[in-house]
Structure formats: C-alpha cells, structure tokens
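The file target.cif comes next; it holds mmCIF, C-alpha atoms.
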data_structure
loop_
_atom_site.label_atom_id
_atom_site.label_comp_id
_atom_site.auth_asym_id
_atom_site.auth_seq_id
_atom_site.Cartn_x
_atom_site.Cartn_y
_atom_site.Cartn_z
CA MET A 128 0.84 8.18 18.92
CA PRO A 129 -0.64 11.40 17.49
CA VAL A 130 -3.80 9.83 16.09
CA GLN A 131 -7.11 11.54 16.77
CA THR A 132 -10.20 9.36 16.86
CA THR A 133 -13.65 10.83 16.44
CA MET A 134 -16.80 8.73 16.24
CA ALA A 135 -16.59 4.98 16.67
CA ASP A 136 -16.58 4.47 12.90
CA THR A 137 -14.03 7.10 11.88
CA LEU A 138 -10.36 7.92 12.28
CA ALA A 139 -8.91 11.36 11.57
CA VAL A 140 -5.54 11.85 9.89
CA ALA A 141 -4.33 15.22 11.21
CA LEU A 142 -2.29 17.02 8.55
CA GLY A 143 -3.40 20.62 8.93
CA GLU A 144 -5.23 21.84 5.84
CA ARG A 145 -4.68 18.40 4.26
CA SER A 146 -6.42 16.55 7.09
CA TYR A 147 -9.03 13.95 6.24
CA THR A 148 -11.17 11.23 7.75
CA ILE A 149 -11.05 7.48 7.30
CA HIS A 150 -14.57 6.02 7.39
CA PHE A 151 -15.03 2.39 8.45
CA GLU A 152 -18.26 0.63 7.48
CA THR A 153 -19.37 -2.83 6.46
CA ASP A 154 -20.92 -1.29 3.35
CA SER A 155 -20.10 2.31 2.47
CA SER A 156 -22.23 2.48 -0.69
CA ALA A 157 -24.90 4.67 0.94
CA SER A 158 -22.29 7.05 2.36
CA LEU A 159 -20.60 7.31 -1.02
CA ALA A 160 -23.90 7.87 -2.81
CA ALA A 161 -24.66 10.73 -0.41
CA ARG A 162 -21.20 12.22 -1.03
CA VAL A 163 -21.67 12.03 -4.80
CA ALA A 164 -25.09 13.68 -4.49
CA ASP A 165 -23.58 16.50 -2.43
CA LEU A 166 -20.86 17.04 -5.04
CA ARG A 167 -23.41 17.22 -7.83
CA ALA A 168 -25.55 19.63 -5.85
CA ALA A 169 -22.48 21.86 -5.53
CA GLY A 170 -21.85 21.70 -9.28
CA ARG A 171 -18.75 19.51 -8.93
CA ARG A 172 -18.10 16.71 -11.41
CA ALA A 173 -17.28 13.26 -10.04
CA VAL A 174 -15.60 10.42 -11.94
CA VAL A 175 -14.65 6.88 -10.96
CA VAL A 176 -11.46 4.95 -11.69
CA THR A 177 -11.59 1.20 -11.08
CA ASP A 178 -10.39 -2.04 -12.69
CA THR A 179 -12.20 -4.50 -14.91
CA SER A 180 -12.20 -7.31 -12.32
CA LEU A 181 -13.84 -5.16 -9.68
CA GLN A 182 -16.27 -3.77 -12.24
CA ARG A 183 -17.50 -7.32 -12.86
CA ALA A 184 -17.36 -8.65 -9.30
CA GLN A 185 -18.84 -5.60 -7.53
CA ALA A 186 -21.21 -4.17 -10.13
CA GLY A 187 -23.94 -3.84 -7.50
CA PHE A 188 -21.72 -1.92 -5.11
CA LEU A 189 -20.49 0.40 -7.84
CA PHE A 190 -24.02 1.18 -9.02
CA ALA A 191 -25.33 1.70 -5.47
CA ALA A 192 -22.44 4.02 -4.62
CA PHE A 193 -21.98 5.94 -7.87
CA GLY A 194 -25.04 5.43 -10.06
CA ASP A 195 -24.40 6.86 -13.53
CA THR A 196 -21.13 8.59 -12.58
CA PRO A 197 -18.62 8.27 -15.47
CA VAL A 198 -16.34 5.25 -14.96
CA VAL A 199 -13.07 4.15 -16.50
CA ALA A 200 -11.84 0.60 -15.82
CA VAL A 201 -8.22 -0.40 -16.36
CA GLU A 202 -6.83 -3.91 -16.42
CA PRO A 203 -5.95 -5.20 -12.93
CA GLY A 204 -2.32 -5.59 -11.95
CA GLU A 205 0.91 -3.62 -11.71
CA GLU A 206 1.20 -3.41 -15.49
CA SER A 207 -1.49 -0.70 -15.44
CA LYS A 208 0.66 1.49 -13.18
CA SER A 209 2.57 2.74 -16.21
CA LEU A 210 3.01 5.85 -18.32
CA ALA A 211 0.48 4.40 -20.76
CA GLY A 212 -2.04 3.80 -17.97
CA PHE A 213 -1.44 7.29 -16.62
CA SER A 214 -1.95 8.81 -20.07
CA ARG A 215 -5.21 6.93 -20.48
CA LEU A 216 -6.55 8.41 -17.24
CA LEU A 217 -5.60 11.92 -18.32
CA ASP A 218 -7.52 11.36 -21.55
CA PHE A 219 -10.51 10.18 -19.48
CA LEU A 220 -10.40 13.28 -17.28
CA ALA A 221 -10.19 15.50 -20.35
CA ALA A 222 -13.05 13.72 -22.12
CA ASN A 223 -15.25 14.16 -19.04
CA LYS A 224 -14.38 17.85 -18.70
CA VAL A 225 -13.11 17.48 -15.13
CA ASP A 226 -12.30 21.01 -13.92
CA ARG A 227 -10.61 22.23 -10.77
CA GLY A 228 -13.72 21.40 -8.76
CA GLY A 229 -13.75 17.81 -9.98
CA VAL A 230 -13.29 14.79 -7.72
CA VAL A 231 -11.72 11.47 -8.70
CA PHE A 232 -12.91 8.37 -6.83
CA ALA A 233 -10.23 5.66 -6.76
CA VAL A 234 -12.19 2.41 -6.30
CA GLY A 235 -9.99 -0.66 -6.12
CA GLY A 236 -6.75 -1.99 -4.75
CA GLY A 237 -3.36 -0.37 -4.37
CA VAL A 238 -2.73 -0.13 -8.10
CA ILE A 239 -5.92 1.87 -8.64
CA GLY A 240 -5.27 4.13 -5.66
CA ASP A 241 -1.72 4.88 -6.77
CA LEU A 242 -2.60 5.39 -10.43
CA ALA A 243 -5.80 7.40 -9.94
CA GLY A 244 -4.23 9.44 -7.16
CA PHE A 245 -1.28 10.37 -9.36
CA ALA A 246 -3.60 11.35 -12.21
CA ALA A 247 -5.56 13.52 -9.76
CA ALA A 248 -2.31 15.07 -8.50
CA ALA A 249 -1.21 15.96 -12.03
CA TRP A 250 -4.51 17.00 -13.62
CA LEU A 251 -4.83 20.79 -13.55
CA ARG A 252 -1.96 20.73 -11.04
CA GLY A 253 -4.09 18.87 -8.55
CA VAL A 254 -7.76 17.98 -8.13
CA ASP A 255 -9.39 16.24 -5.18
CA PHE A 256 -9.56 12.49 -4.99
CA ILE A 257 -11.19 10.05 -2.60
CA GLN A 258 -9.86 6.60 -1.82
CA VAL A 259 -12.31 3.68 -1.81
CA PRO A 260 -10.01 0.70 -1.14
CA THR A 261 -11.47 -2.71 -1.96
CA THR A 262 -8.56 -5.01 -1.04
CA LEU A 263 -7.06 -5.74 2.36
CA LEU A 264 -3.70 -4.35 1.24
CA ALA A 265 -5.22 -1.06 0.13
CA MET A 266 -7.38 -0.77 3.25
CA VAL A 267 -4.53 -1.16 5.71
CA ASP A 268 -1.77 0.55 3.77
CA SER A 269 -1.82 2.19 0.36
CA SER A 270 -5.08 4.16 0.68
CA VAL A 271 -3.74 6.13 3.66
CA GLY A 272 -0.87 8.58 3.53
CA GLY A 273 -1.02 10.32 0.17
CA LYS A 274 1.69 8.47 -1.74
CA THR A 275 0.64 8.21 -5.40
CA GLY A 276 2.56 7.13 -8.44
CA ILE A 277 3.38 4.73 -11.23
CA ASN A 278 6.14 2.29 -12.00
CA HIS A 279 9.02 2.87 -14.39
CA PRO A 280 11.13 0.20 -16.09
CA ALA A 281 13.99 1.34 -13.84
CA GLY A 282 12.07 0.65 -10.64
CA LYS A 283 8.88 0.51 -8.61
CA ASN A 284 6.99 3.75 -7.88
CA LEU A 285 9.81 5.94 -9.19
CA VAL A 286 7.36 8.43 -10.72
CA GLY A 287 4.79 9.99 -8.39
CA ALA A 288 3.68 12.70 -6.05
CA PHE A 289 2.48 13.25 -2.50
CA HIS A 290 -1.23 14.01 -2.86
CA GLN A 291 -3.43 13.37 0.17
CA PRO A 292 -6.95 12.08 -0.42
CA ARG A 293 -9.90 14.15 0.79
CA ALA A 294 -11.36 11.06 2.48
CA VAL A 295 -10.99 7.29 2.68
CA HIS A 296 -14.08 5.03 2.68
CA ILE A 297 -13.40 1.46 3.82
CA SER A 298 -16.10 -1.18 3.23
CA THR A 299 -14.94 -4.28 5.08
CA GLY A 300 -17.79 -6.33 3.58
CA LEU A 301 -16.06 -6.20 0.19
CA LEU A 302 -13.36 -8.50 1.53
CA ARG A 303 -15.79 -11.44 1.61
CA THR A 304 -15.47 -11.79 -2.18
CA LEU A 305 -11.76 -10.96 -2.41
CA PRO A 306 -9.75 -13.84 -3.96
CA ALA A 307 -7.77 -15.78 -1.37
CA ARG A 308 -4.44 -14.88 -2.99
CA GLU A 309 -5.28 -11.16 -2.83
CA PHE A 310 -6.32 -11.44 0.82
CA SER A 311 -3.02 -13.15 1.65
CA ALA A 312 -1.13 -10.40 -0.16
CA GLY A 313 -2.84 -7.84 2.05
CA ALA A 314 -1.99 -9.85 5.15
CA ALA A 315 1.69 -9.25 4.35
CA GLU A 316 1.18 -5.55 5.08
CA VAL A 317 -0.72 -6.35 8.28
CA ILE A 318 2.20 -8.53 9.41
CA LYS A 319 4.56 -5.68 8.50
CA TYR A 320 2.72 -3.35 10.90
CA GLY A 321 3.04 -5.86 13.70
CA LEU A 322 6.75 -6.21 13.05
CA LEU A 323 7.57 -2.52 12.82
CA GLY A 324 5.55 -1.20 15.74
CA ASP A 325 2.95 -3.47 17.35
CA ALA A 326 4.20 -6.65 19.00
CA GLU A 327 0.70 -7.38 20.33
CA LEU A 328 -0.69 -7.34 16.79
CA PHE A 329 2.05 -9.70 15.66
CA ALA A 330 1.25 -12.05 18.56
CA ARG A 331 -2.43 -11.98 17.57
CA LEU A 332 -1.45 -13.00 14.02
CA GLU A 333 0.71 -15.79 15.47
CA SER A 334 -2.21 -17.14 17.47
CA ALA A 335 -4.54 -17.42 14.46
CA ALA A 336 -4.20 -16.46 10.82
CA LEU A 337 -6.32 -13.52 9.77
CA GLN A 338 -9.25 -14.57 7.58
CA PRO A 339 -12.07 -12.72 5.76
CA GLY A 340 -14.39 -14.14 8.40
CA SER A 341 -12.24 -13.25 11.42
CA ALA A 342 -14.40 -11.61 14.08
CA ASP A 343 -11.77 -8.95 14.73
CA LEU A 344 -10.94 -8.20 11.07
CA ALA A 345 -12.38 -4.68 11.22
CA ASP A 346 -10.45 -3.97 14.42
CA VAL A 347 -7.20 -5.20 12.85
CA ILE A 348 -7.75 -2.97 9.81
CA ARG A 349 -8.41 0.04 12.05
CA ARG A 350 -5.33 -0.77 14.12
CA CYS A 351 -3.11 -0.78 11.02
CA CYS A 352 -4.64 2.48 9.79
CA ALA A 353 -4.01 4.08 13.18
CA ILE A 354 -0.34 3.05 13.12
CA LYS A 355 0.13 4.42 9.63
CA ALA A 356 -1.79 7.63 10.38
CA GLY A 357 0.44 8.34 13.36
CA ILE A 358 3.62 7.79 11.35
CA VAL A 359 2.37 9.91 8.43
CA GLU A 360 1.32 12.73 10.75
CA ALA A 361 4.82 12.84 12.20
CA ASP A 362 6.70 12.57 8.87
CA GLU A 363 4.32 13.20 5.97
CA ARG A 364 6.93 13.44 3.20
CA GLU A 365 9.48 10.95 4.54
CA THR A 366 12.10 13.56 5.38
CA ALA A 367 13.06 12.35 8.88
CA THR A 368 16.77 11.63 9.19
CA GLU A 369 16.08 8.53 11.26
CA GLY A 370 12.96 6.39 11.52
CA GLY A 371 9.83 8.24 10.47
CA ARG A 372 7.81 7.29 7.43
CA ALA A 373 10.66 5.23 6.01
CA LEU A 374 9.81 2.56 8.60
CA LEU A 375 6.69 1.77 6.57
CA ASN A 376 9.05 0.38 3.91
CA LEU A 377 10.07 -2.57 6.07
CA GLY A 378 10.53 -5.46 3.61
CA HIS A 379 9.93 -3.18 0.64
CA THR A 380 13.54 -2.46 -0.37
CA PHE A 381 13.98 -6.17 -1.03
CA GLY A 382 10.38 -6.61 -2.19
CA HIS A 383 10.43 -3.85 -4.78
CA ALA A 384 13.66 -5.27 -6.20
CA ILE A 385 11.97 -8.67 -6.54
CA GLU A 386 9.01 -7.13 -8.38
CA ASN A 387 11.32 -5.26 -10.75
CA ALA A 388 13.62 -8.21 -11.43
CA ALA A 389 10.80 -10.74 -11.88
CA GLY A 390 8.70 -8.43 -14.05
CA TYR A 391 5.70 -6.59 -12.66
CA GLY A 392 2.80 -8.96 -12.20
CA ASP A 393 4.78 -12.16 -11.59
CA TYR A 394 4.48 -11.60 -7.84
CA LEU A 395 1.65 -9.72 -6.20
CA HIS A 396 3.02 -6.76 -4.26
CA GLY A 397 2.24 -8.40 -0.92
CA GLU A 398 3.94 -11.63 -1.98
CA ALA A 399 7.12 -9.77 -2.88
CA VAL A 400 6.91 -7.86 0.42
CA ALA A 401 6.55 -11.15 2.31
CA ILE A 402 9.80 -12.44 0.83
CA GLY A 403 11.29 -9.00 1.48
CA LEU A 404 10.31 -9.26 5.15
CA CYS A 405 12.18 -12.57 5.35
CA ALA A 406 15.25 -11.00 3.75
CA ALA A 407 15.03 -7.99 6.08
CA ALA A 408 14.75 -10.33 9.07
CA ARG A 409 17.84 -12.22 7.94
CA LEU A 410 19.72 -8.96 7.44
CA SER A 411 18.66 -7.87 10.94
CA HIS A 412 20.00 -11.17 12.29
CA ARG A 413 23.31 -10.78 10.44
CA LEU A 414 23.64 -7.32 11.98
CA GLY A 415 23.11 -8.80 15.45
CA PHE A 416 19.74 -7.19 16.19
CA ILE A 417 17.47 -10.26 16.34
CA GLY A 418 18.04 -13.97 16.86
CA ALA A 419 17.36 -16.98 14.66
CA ALA A 420 14.22 -17.70 16.70
CA GLU A 421 12.68 -14.42 15.54
CA ILE A 422 13.36 -15.33 11.91
CA GLY A 423 11.49 -18.58 12.49
CA ARG A 424 8.52 -16.78 14.05
CA ILE A 425 8.30 -14.37 11.13
CA GLU A 426 8.44 -17.11 8.52
CA ARG A 427 5.82 -19.22 10.32
CA VAL A 428 3.37 -16.30 10.44
CA LEU A 429 3.88 -15.58 6.75
CA ILE A 430 3.39 -19.23 5.80
CA ALA A 431 0.25 -19.43 7.96
CA HIS A 432 -1.17 -16.55 5.93
CA GLY A 433 -0.49 -18.29 2.62
CA LEU A 434 2.53 -16.17 1.75
CA PRO A 435 5.88 -17.17 0.20
CA VAL A 436 9.07 -16.96 2.24
CA ARG A 437 11.43 -17.74 -0.65
CA LEU A 438 11.51 -16.94 -4.34
CA ARG A 439 9.52 -19.41 -6.44
CA SER A 440 12.46 -19.62 -8.82
CA PRO A 441 15.90 -18.04 -8.51
CA LEU A 442 16.45 -14.46 -9.63
CA PRO A 443 19.96 -13.23 -10.48
CA LEU A 444 21.56 -11.44 -7.55
CA PRO A 445 23.21 -8.76 -9.75
CA VAL A 446 19.80 -7.84 -11.21
CA LEU A 447 18.27 -7.64 -7.73
CA GLU A 448 21.17 -5.53 -6.44
CA SER A 449 20.87 -3.19 -9.41
CA ALA A 450 17.15 -2.75 -8.73
CA MET A 451 17.85 -2.01 -5.05
CA GLY A 452 20.36 0.63 -6.11
CA ARG A 453 17.58 2.49 -7.90
CA ASP A 454 15.22 2.37 -4.93
CA LYS A 455 13.63 5.61 -3.70
CA LYS A 456 15.28 5.15 -0.31
CA VAL A 457 18.77 5.60 -1.72
CA ARG A 458 20.41 8.65 -0.13
CA ALA A 459 23.81 10.03 -1.16
CA GLY A 460 24.42 6.90 -3.19
CA GLY A 461 23.70 4.51 -0.31
CA ILE A 462 20.64 2.46 0.60
CA ARG A 463 18.87 3.09 3.89
CA PHE A 464 17.66 -0.31 5.03
CA ILE A 465 14.79 -0.80 7.47
CA VAL A 466 15.80 -3.47 9.95
CA LEU A 467 14.25 -5.03 13.05
CA SER A 468 15.72 -4.40 16.48
CA ALA A 469 13.01 -6.70 17.89
CA ILE A 470 9.62 -8.00 16.86
CA GLY A 471 7.50 -4.88 17.21
CA ALA A 472 10.38 -2.42 16.77
CA ALA A 473 12.14 -1.27 13.58
CA ARG A 474 14.77 1.29 12.69
CA THR A 475 16.40 2.81 9.62
CA LEU A 476 20.05 2.04 9.05
CA ALA A 477 22.49 3.48 6.52
CA GLY A 478 25.97 2.24 5.75
CA VAL A 479 25.05 -1.46 5.66
CA ASP A 480 27.74 -3.65 4.08
CA PRO A 481 26.29 -4.63 0.65
CA ALA A 482 27.68 -8.13 1.18
CA LEU A 483 25.28 -8.62 4.11
CA ALA A 484 22.29 -7.60 2.00
CA ALA A 485 23.48 -9.89 -0.79
CA ALA A 486 23.81 -12.81 1.63
CA SER A 487 20.29 -12.14 2.90
CA PHE A 488 18.98 -12.16 -0.67
CA ARG A 489 20.72 -15.48 -1.34
CA GLU A 490 19.04 -17.01 1.70
CA VAL A 491 15.62 -16.31 0.20
CA GLY A 492 16.52 -17.81 -3.16
CA ALA A 493 18.59 -15.33 -5.16
CA SER A 494 21.21 -16.87 -7.43
CA SER A 495 24.71 -15.50 -7.90
#
Rewritten as structure tokens:
Amino acid sequence: MPVQTTMADTLAVALGERSYTIHFETDSSASLAARVADLRAAGRRAVVVTDTSLQRAQAGFLFAAFGDTPVVAVEPGEESKSLAGFSRLLDFLAANKVDRGGVVFAVGGGVIGDLAGFAAAAWLRGVDFIQVPTTLLAMVDSSVGGKTGINHPAGKNLVGAFHQPRAVHISTGLLRTLPAREFSAGAAEVIKYGLLGDAELFARLESAALQPGSADLADVIRRCCAIKAGIVEADERETATEGGRALLNLGHTFGHAIENAAGYGDYLHGEAVAIGLCAAARLSHRLGFIGAAEIGRIERVLIAHGLPVRLRSPLPLPVLESAMGRDKKVRAGGIRFIVLSAIGAARTLAGVDPALAAASFREVGASS
C-alpha cells in the first residue's frame, strides 16, 4: 500500500503538490494554536466553521485552539449541507475579508468538513482549508481524501468538488464526549474498511465492539486512515475503471438512497451506511460471491456496534431505486455496485441485474 509514514504521530498522504499530513494527538489544541499563530504572523487570515452543538460542547477546545479567530456555527445535521448553508458560508467568508491567502478550518463532523471544504474550494476559485474532525466518522473517513460537497434534493453529495485539505488534525480525546449514537455511526465506516480491505480489522471488531474507551482506538483510527490514504493516492479522483476509490463507497449506493428517500436527517449517515452494508452483503450473496454465513457475521458486528441492519420503517422501493439511479457512481446509465468477494475484499461491478438489487433492498425492509 503506497502510504508513507513519518513520525509516530503522523501519516503522510502523498499526492504530489497536493500532499498533506494527518496529525494524530489526544489533544491537538496546542498544535492548532501554533498553526494559527504562524498564519497570522505571515499575514494570512484564518476563520473557523463549526456547528452549534460542538460550539457548546467543546467551547474550551475551540478557545484553546483558535482564540479569537472568527467563527461561524451552522446547525448540526445533513440539512446544513445545502445550497442555503453553502451561501451562508460564502457570506461569512466575504464579511471576514478572506483573500487568496486565507485558511478555512473545518472543525466538526463530516457535514462540516464537506460543507466548509466546498466553500473553500469555491471561494476565490480555491483557498486553503484544514480539517479538524471531531467525530469518529470524520476522523476515519470524510476528513481524508479531498471530497467536498453539499446535498441536492435529487441526491446525496451531487454538488461538490475535489479539494484536498492542507492538513488534518485528529484529536482522539474529543471522542470521549461524543454522543453514543454518533460514535456508533462512525463505527459503520470502520466496519466498512474491514470489509473492503482488512480482514484482520474486521476480526478485531468481531472480537469486541469498538468503544470510546477502547485501548486500541487510536490505532484503529490510524489503520482506517492508512487504508483510505493508500486508495486515494492510487485513484485520487475516482477515475479507475475497476476498483480504485469507488471501493470506498461500499454500502453507500444503498445508504445514500436511504438518506434521500427518508429525508436527510432521519438516519445518521453511518446508520444508513450500516443498512447499506447489509444490502450490499445480500447482493454479493445473490451474485454468488459470499455465503449466508458472511451475511450473518456482518450483521452481528453491526448490531454489536449499536447500528441498524434493517430500515426502521419501510421505504417505497420505487423511491429508493429512483434515488440509486441518480447516484454519482452511475456510468453510461448503469450503476456500478461495490460488492464483496470475501470479508476483507471488495470489487466494483457493473451490469448488475436491477432485480437483484431490488431484492436486496426488500430484504432490509424496503416495501414494493
């Protein structure tokens, strides 16, 4: 795997002139404060984008890291990843006279990283931004790789840009105060990494559910970041004909459709992905790649991590199918599904009979 490690507390993502470092610390507030001071000394304006929940829960961290840096706080949840939310951030950047030397700090979960990153990508045709993920999901997945964007009524993340961060600062200590439901949602992405490329990680999750107090939590987070970094380095813009970055969407074709059909905010992203992983596993079984025993293993791990394996209430299959048809992974009018050839190995597959996908959706609670 083409991942370069440097010091014990960093991981480099090698993308040529867009390369950056992921910093792992228990508390990164001092490192961030030093970075902000350096920016100010260089005459560069820094601003912070966060959400109102984090602003209340982590006021001490925010002050220690950013002091009197201008802050805008949006409402938490997928509803903020909208054209209205995007417009509000542009107004904030304008009001604070952010020029081409400005730096946007995205402090929060995946919604904040996606929204703030897209605003940074668009403002003045691109200003620097730095990811400061505060949820497990953002730490292991969305903060790394440079995908930014917002939702559209037609589908999840349909509006966006590739815009790599200049750095990622991960403070694992912040997870101690993360709500249990949010931690479980992040665990869905950790499970995804085990399924798509790390059977040993999946076995570790089978042996004991990951918890905020798990002794190896930091190592698990680093392991997921290393997997993603390697995939992104090999296929930054998801252009590979087979495999590549698309593998990171395991469970997401189904999961994004669930989010769209249910209304953004009804399911946390990780909860929808968990159900999507179950649907993807069932599709893989119907295609003859994995056995029923593997489906059982996957569902047991998800349940152990407090995640749903079926829809809480039925969603109409035609609505789900329509949402899947608008997914970003549609090529030449057809959906490329990510399926499992084994636990720890995934592949992309085009030309899947829609009836098989529909049957898999029904098995996780879709109604005809």
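For the choices A:Arg172, A:Lys208, A:Arg145, A:His412, the atom-to-atom distance to A:Phe289 is smallest for A:Arg145 when using only C-alpha atoms.
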Can you find the residues with an atom no farther than 12 Å from (-21.7, 4.9, -10.9), counting all atoms listed in the file, and report them as a PDB file with C-alpha atoms, in the coordinates of the input?
ATOM      1  CA  SER A 156     -22.230   2.480  -0.690  1.00  0.00           C
ATOM      2  CA  LEU A 159     -20.600   7.310  -1.020  1.00  0.00           C
ATOM      3  CA  ALA A 160     -23.900   7.870  -2.810  1.00  0.00           C
ATOM      4  CA  VAL A 163     -21.670  12.030  -4.800  1.00  0.00           C
ATOM      5  CA  ALA A 164     -25.090  13.680  -4.490  1.00  0.00           C
ATOM      6  CA  ALA A 173     -17.280  13.260 -10.040  1.00  0.00           C
ATOM      7  CA  VAL A 174     -15.600  10.420 -11.940  1.00  0.00           C
ATOM      8  CA  VAL A 175     -14.650   6.880 -10.960  1.00  0.00           C
ATOM      9  CA  VAL A 176     -11.460   4.950 -11.690  1.00  0.00           C
ATOM     10  CA  THR A 177     -11.590   1.200 -11.080  1.00  0.00           C
ATOM     11  CA  GLN A 182     -16.270  -3.770 -12.240  1.00  0.00           C
ATOM     12  CA  GLN A 185     -18.840  -5.600  -7.530  1.00  0.00           C
ATOM     13  CA  ALA A 186     -21.210  -4.170 -10.130  1.00  0.00           C
ATOM     14  CA  GLY A 187     -23.940  -3.840  -7.500  1.00  0.00           C
ATOM     15  CA  PHE A 188     -21.720  -1.920  -5.110  1.00  0.00           C
ATOM     16  CA  LEU A 189     -20.490   0.400  -7.840  1.00  0.00           C
ATOM     17  CA  PHE A 190     -24.020   1.180  -9.020  1.00  0.00           C
ATOM     18  CA  ALA A 191     -25.330   1.700  -5.470  1.00  0.00           C
ATOM     19  CA  ALA A 192     -22.440   4.020  -4.620  1.00  0.00           C
ATOM     20  CA  PHE A 193     -21.980   5.940  -7.870  1.00  0.00           C
ATOM     21  CA  GLY A 194     -25.040   5.430 -10.060  1.00  0.00           C
ATOM     22  CA  ASP A 195     -24.400   6.860 -13.530  1.00  0.00           C
ATOM     23  CA  THR A 196     -21.130   8.590 -12.580  1.00  0.00           C
ATOM     24  CA  PRO A 197     -18.620   8.270 -15.470  1.00  0.00           C
ATOM     25  CA  VAL A 198     -16.340   5.250 -14.960  1.00  0.00           C
ATOM     26  CA  VAL A 199     -13.070   4.150 -16.500  1.00  0.00           C
ATOM     27  CA  ALA A 200     -11.840   0.600 -15.820  1.00  0.00           C
ATOM     28  CA  PHE A 232     -12.910   8.370  -6.830  1.00  0.00           C
ATOM     29  CA  VAL A 234     -12.190   2.410  -6.300  1.00  0.00           C
TER      30      VAL A 234
END
Check which residues satisfy the PyMOL selection byres ((chain A and resi 480) around 12) in the file shown, then give them as number ranges by chain.
-> A: 410, 413-414, 461-464, 476-479, 481-487
With all atoms of stretch 251-268 of chain A from the file as input, state the centre and edge lengths in Å to one decimal of the axis-aligned box that has 6 Å extra on each side, as JSON.
{"center_x": -7.0, "center_y": 7.5, "center_z": -3.9, "size_x": 22.5, "size_y": 38.5, "size_z": 31.3}
Return the single residue from A:Ala211, A:Ala406, A:Leu263, A:Ala342 that is closest to A:Asn278, with distances computed using all atoms listed in the file.
->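 Between A:Ala211, A:Ala406, A:Leu263, A:Ala342, the residue approaching A:Asn278 most closely is A:Ala211.
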Is it possible to add N, CA, C and O atoms to stretch 134-151 of chain A and hand it back as a PDB file, keeping the file's coordinate frame?
ATOM      1  N   MET A 134     -15.736   9.684  15.963  1.00  0.00           N
ATOM      2  CA  MET A 134     -16.800   8.730  16.240  1.00  0.00           C
ATOM      3  C   MET A 134     -16.251   7.311  16.174  1.00  0.00           C
ATOM      4  O   MET A 134     -15.149   7.066  15.710  1.00  0.00           O
ATOM      5  N   ALA A 135     -17.041   6.360  16.604  1.00  0.00           N
ATOM      6  CA  ALA A 135     -16.590   4.980  16.670  1.00  0.00           C
ATOM      7  C   ALA A 135     -16.245   4.415  15.297  1.00  0.00           C
ATOM      8  O   ALA A 135     -15.492   3.462  15.184  1.00  0.00           O
ATOM      9  N   ASP A 136     -16.804   5.012  14.230  1.00  0.00           N
ATOM     10  CA  ASP A 136     -16.580   4.470  12.900  1.00  0.00           C
ATOM     11  C   ASP A 136     -15.671   5.331  12.048  1.00  0.00           C
ATOM     12  O   ASP A 136     -15.649   5.196  10.839  1.00  0.00           O
ATOM     13  N   THR A 137     -14.926   6.236  12.651  1.00  0.00           N
ATOM     14  CA  THR A 137     -14.030   7.100  11.880  1.00  0.00           C
ATOM     15  C   THR A 137     -12.686   7.236  12.579  1.00  0.00           C
ATOM     16  O   THR A 137     -12.554   7.005  13.783  1.00  0.00           O
ATOM     17  N   LEU A 138     -11.708   7.639  11.777  1.00  0.00           N
ATOM     18  CA  LEU A 138     -10.360   7.920  12.280  1.00  0.00           C
ATOM     19  C   LEU A 138      -9.840   9.117  11.514  1.00  0.00           C
ATOM     20  O   LEU A 138      -9.893   9.137  10.281  1.00  0.00           O
ATOM     21  N   ALA A 139      -9.400  10.147  12.221  1.00  0.00           N
ATOM     22  CA  ALA A 139      -8.910  11.360  11.570  1.00  0.00           C
ATOM     23  C   ALA A 139      -7.409  11.298  11.372  1.00  0.00           C
ATOM     24  O   ALA A 139      -6.662  10.891  12.267  1.00  0.00           O
ATOM     25  N   VAL A 140      -6.960  11.701  10.181  1.00  0.00           N
ATOM     26  CA  VAL A 140      -5.540  11.850   9.890  1.00  0.00           C
ATOM     27  C   VAL A 140      -5.258  13.351   9.930  1.00  0.00           C
ATOM     28  O   VAL A 140      -5.735  14.100   9.078  1.00  0.00           O
ATOM     29  N   ALA A 141      -4.517  13.793  10.947  1.00  0.00           N
ATOM     30  CA  ALA A 141      -4.330  15.220  11.210  1.00  0.00           C
ATOM     31  C   ALA A 141      -3.110  15.761  10.474  1.00  0.00           C
ATOM     32  O   ALA A 141      -1.972  15.559  10.892  1.00  0.00           O
ATOM     33  N   LEU A 142      -3.365  16.455   9.373  1.00  0.00           N
ATOM     34  CA  LEU A 142      -2.290  17.020   8.550  1.00  0.00           C
ATOM     35  C   LEU A 142      -2.591  18.479   8.209  1.00  0.00           C
ATOM     36  O   LEU A 142      -2.368  18.931   7.084  1.00  0.00           O
ATOM     37  N   GLY A 143      -3.103  19.225   9.173  1.00  0.00           N
ATOM     38  CA  GLY A 143      -3.400  20.620   8.930  1.00  0.00           C
ATOM     39  C   GLY A 143      -4.483  20.774   7.877  1.00  0.00           C
ATOM     40  O   GLY A 143      -5.519  20.115   7.934  1.00  0.00           O
ATOM     41  N   GLU A 144      -4.228  21.620   6.881  1.00  0.00           N
ATOM     42  CA  GLU A 144      -5.230  21.840   5.840  1.00  0.00           C
ATOM     43  C   GLU A 144      -5.431  20.625   4.948  1.00  0.00           C
ATOM     44  O   GLU A 144      -6.390  20.549   4.188  1.00  0.00           O
ATOM     45  N   ARG A 145      -4.550  19.634   5.054  1.00  0.00           N
ATOM     46  CA  ARG A 145      -4.680  18.400   4.260  1.00  0.00           C
ATOM     47  C   ARG A 145      -5.273  17.261   5.076  1.00  0.00           C
ATOM     48  O   ARG A 145      -5.225  16.099   4.662  1.00  0.00           O
ATOM     49  N   SER A 146      -5.829  17.579   6.239  1.00  0.00           N
ATOM     50  CA  SER A 146      -6.420  16.550   7.090  1.00  0.00           C
ATOM     51  C   SER A 146      -7.618  15.894   6.415  1.00  0.00           C
ATOM     52  O   SER A 146      -8.301  16.508   5.592  1.00  0.00           O
ATOM     53  N   TYR A 147      -7.870  14.663   6.777  1.00  0.00           N
ATOM     54  CA  TYR A 147      -9.030  13.950   6.240  1.00  0.00           C
ATOM     55  C   TYR A 147      -9.454  12.851   7.196  1.00  0.00           C
ATOM     56  O   TYR A 147      -8.759  12.561   8.183  1.00  0.00           O
ATOM     57  N   THR A 148     -10.588  12.247   6.886  1.00  0.00           N
ATOM     58  CA  THR A 148     -11.170  11.230   7.750  1.00  0.00           C
ATOM     59  C   THR A 148     -11.224   9.891   7.039  1.00  0.00           C
ATOM     60  O   THR A 148     -11.569   9.818   5.861  1.00  0.00           O
ATOM     61  N   ILE A 149     -10.873   8.840   7.774  1.00  0.00           N
ATOM     62  CA  ILE A 149     -11.050   7.480   7.300  1.00  0.00           C
ATOM     63  C   ILE A 149     -12.377   6.976   7.860  1.00  0.00           C
ATOM     64  O   ILE A 149     -12.600   7.029   9.075  1.00  0.00           O
ATOM     65  N   HIS A 150     -13.257   6.506   6.993  1.00  0.00           N
ATOM     66  CA  HIS A 150     -14.570   6.020   7.390  1.00  0.00           C
ATOM     67  C   HIS A 150     -14.586   4.501   7.319  1.00  0.00           C
ATOM     68  O   HIS A 150     -14.266   3.929   6.269  1.00  0.00           O
ATOM     69  N   PHE A 151     -14.973   3.848   8.399  1.00  0.00           N
ATOM     70  CA  PHE A 151     -15.030   2.390   8.450  1.00  0.00           C
ATOM     71  C   PHE A 151     -16.490   1.947   8.498  1.00  0.00           C
ATOM     72  O   PHE A 151     -17.216   2.296   9.427  1.00  0.00           O
TER      73      PHE A 151
END
